Amino acid sequence: MLGNFLPRTAAQLEQAEVALDGVRAAFGATQAWVWSVNTEIDAFADESDDESDDDESDDDESDDDASDDDASDDGPGAWRFGPPPLATTAPFVVERFPEIADEFDGDDFGIALKLAGPAVPGEAAVLDAIHHVWLMHYIDGRAEERPFRNAAMTFDAANRSALLWVDRFTPPTPPRVMAEHVMAIVSALHGIVPIARARFAEASMRIKYAGISGDTTPPFVLAGNPLREAFDAAADPDAGEHAAVAWAESQREWSPQEVAAMYVELGQACDPDEAESASAGVRMFDRAAALDPDNDDAATYPLIALVRSGQVDTALARAKTISRLHLRVMTVDLVADHAFDRLADALPLLDRDAVVATSNEMVAGLVATIGSRLPAELPRVLELLPDEEDMVSHLHAAAFKIEDQRLRLAVLEKVISFTEPPEPGSHRTNYLSAHNNACILAHALGDYPRARALADGALPFADENPYIYHSAACAYAAVADFKKALAQVEQAVAHDYDHLDRVEVDTDLGELLQWPQFQALFEARRARRAKSEPVIEATSESFATDVLACDRPVLVDFTATWCGPCKRQGPIVEKLAAASEGRYRVVKVDIDESEDLAQRYDATSVPTLVVFVGGQEKARTVGLSDAAELRRLIDGAG
């Protein structure tokens, strides 16, 4: 069966029928529908308009009010062969139309469909095909990029509903046209797969990223909320609540899971800061939980509504008996934010099991809150924290939200008590930073024996974080262990520590500043740095002399003025050149000015950094690189 589009000639019809016979034979298909996408978005329309505006910019008599009719909010937008099919009505209820045109959010756009009638084999494949038909209109074959980032059809087989979604959707056409286009698409789909109801809806983060996160839970799509319609049709909230309950008890088309989700949406519309409205919301959430015990929102939102509306005792009593342990921690966090005077009453909800069941980010945030507002309880809460890598980074960040330095130090000492993260990355970086900052804080507090002990524990990591050499030197000097302090300064100089200029005059080093050995370190450093040369800007003509004939290793930074990462790379290589001490040379090559060099050395992606020794490439890295990585690259190639 052919629908919606027929070939224009008998020969084309015959060719189409042969193709469909092949499909039927291969897949056992019994019906087929064929669409022709006869227009597409014009990705270059704005550029044409800009050029036209430039040509007329000197015309003082031009009528500004009469320009760009096609680009107005009411116009069809930029289409190469006229607008796509549009519709303002559908043969079924479509929620959020036409207001979607005023509420349009290009970051999250889509339409959810509730299918009618019995399930038909292959209906999901048809929905997926229709999703492609819809978006094909927005792809200009001449353009390098699509006007959206991600798009997919998500099918909820259990409830026979689907979500056709797209994000970062920015075609050059008004939202009204986009909404009416979707209406036309799903109206045509209705002739193949009957639709009971639809609504414009965005995709949740879970739907978008389930594949990446490894979530294999079957998707859930709610394609409408007639329960909300029953509520809104009543004269007042009390009557609306009764009408909603009556509808829910009488209907047979929607599953308990779907009705539970409708109740949750209705509860979320209640004002959580007003006691009567919040209580009505709680009743909605509880009805949702009775229908679908697995609905997380039905368990979460009552606690929010109760705490925010001042019903803290009720919230605490509910949280004590709740099976979702992480909600106990969330309740404490809510009390801290909205009823701080009751925080002490909420803290008994915290135990090891509840903390372990909660995200490390939330737990660390609560640590910061308690450290700032109920400090006497901080030691007990710190004892509950799990020894996990992810906790290292979150707790390190939380420490710096606490103003009291002694409490901040206690949190940092908890961080360094965790198991050392073995792999390079943010967790290890924060673990090392915690060692350094704890030593600095103890010194600042005048607790010099503690600072020395922390320095001893930090030194094994100083090669990775040379800041530790500085803080340890101050800690040792504070307890008059100047020989050990000098040893740390020597290591800081050897590692070309970023703030050596501060070390040279740091009064926390005490009498060490006057030691001849200390002064000699910096005199020798200045003599070596005098041998450094600045970054050389090489060209195609000078490359052989500046790079290939150099008797030292040469780091070449292939860069471009339009490249954002290159701009951040620039100061790094300049600092590297200033610290070269004549041991190596740093050269910069603009790939647009010297295209032949970029091609010869395969440096079309920037920044690309290549080390040459004796005129031969010995090592390279692509992308923004820090100074330590580049030093390793140079040392390894030399």
# chains A, B, ... in the order shown; residues from 1 in each chain; ligands from 1

call {"tool": "residues_around", "arguments": {"residues": "Gly636 of chain A", "least_positions_apart": "2", "cutoff": "10 Å", "atoms": "only C-alpha atoms", "output": "PDB file with N, CA and C atoms, in the first residue's frame"}}
result
ATOM      1  N   VAL A 611      58.714  17.903  19.453  1.00  0.00           N
ATOM      2  CA  VAL A 611      60.101  18.065  19.892  1.00  0.00           C
ATOM      3  C   VAL A 611      61.030  17.553  18.795  1.00  0.00           C
ATOM      4  N   LYS A 618      61.233  13.797  17.439  1.00  0.00           N
ATOM      5  CA  LYS A 618      61.433  12.750  18.434  1.00  0.00           C
ATOM      6  C   LYS A 618      60.187  12.481  19.281  1.00  0.00           C
ATOM      7  N   ALA A 619      59.293  13.482  19.395  1.00  0.00           N
ATOM      8  CA  ALA A 619      58.095  13.303  20.222  1.00  0.00           C
ATOM      9  C   ALA A 619      57.080  14.374  19.846  1.00  0.00           C
ATOM     10  N   LEU A 630      54.994  18.982  29.052  1.00  0.00           N
ATOM     11  CA  LEU A 630      55.933  19.407  28.005  1.00  0.00           C
ATOM     12  C   LEU A 630      57.379  19.196  28.448  1.00  0.00           C
ATOM     13  N   ARG A 631      57.664  19.410  29.737  1.00  0.00           N
ATOM     14  CA  ARG A 631      59.027  19.134  30.214  1.00  0.00           C
ATOM     15  C   ARG A 631      59.351  17.656  30.059  1.00  0.00           C
ATOM     16  N   ARG A 632      58.384  16.797  30.387  1.00  0.00           N
ATOM     17  CA  ARG A 632      58.616  15.352  30.225  1.00  0.00           C
ATOM     18  C   ARG A 632      58.837  15.009  28.766  1.00  0.00           C
ATOM     19  N   LEU A 633      58.111  15.678  27.889  1.00  0.00           N
ATOM     20  CA  LEU A 633      58.257  15.426  26.462  1.00  0.00           C
ATOM     21  C   LEU A 633      59.661  15.796  25.997  1.00  0.00           C
ATOM     22  N   ILE A 634      60.149  16.957  26.468  1.00  0.00           N
ATOM     23  CA  ILE A 634      61.486  17.421  26.072  1.00  0.00           C
ATOM     24  C   ILE A 634      62.558  16.513  26.662  1.00  0.00           C
ATOM     25  N   GLY A 638      65.258  14.182  24.580  1.00  0.00           N
ATOM     26  CA  GLY A 638      66.632  14.674  24.538  1.00  0.00           C
ATOM     27  C   GLY A 638      67.663  13.590  24.609  1.00  0.00           C
TER      28      GLY A 638
END

call {"tool": "select_by_dssp", "arguments": {"residues": "segment 496-568 of chain A", "states": "strand (DSSP E or B)", "output": "list in words"}}
result
Ile536, Glu537, Val554, Leu555, Val556, Asp557, Phe558 and Thr559 of chain A

call {"tool": "residues_around", "arguments": {"residues": "Leu266 of chain A", "least_positions_apart": "4", "cutoff": "7 Å", "atoms": "only C-alpha atoms", "output": "list of chain:residue names"}}
result
A:Arg228, A:Met262, A:Met284

call {"tool": "residues_around", "arguments": {"residues": "segment 578-591 of chain A", "least_positions_apart": "3", "cutoff": "7 Å", "atoms": "only C-alpha atoms", "output": "number ranges by chain"}}
result
A: 528-539, 552-560, 574-575, 594-595, 598

call {"tool": "atom_distance", "arguments": {"atom1": "atom CA of Ala280 of chain A", "atom2": "atom CA of Tyr301 of chain A"}}
result
11.9 Å
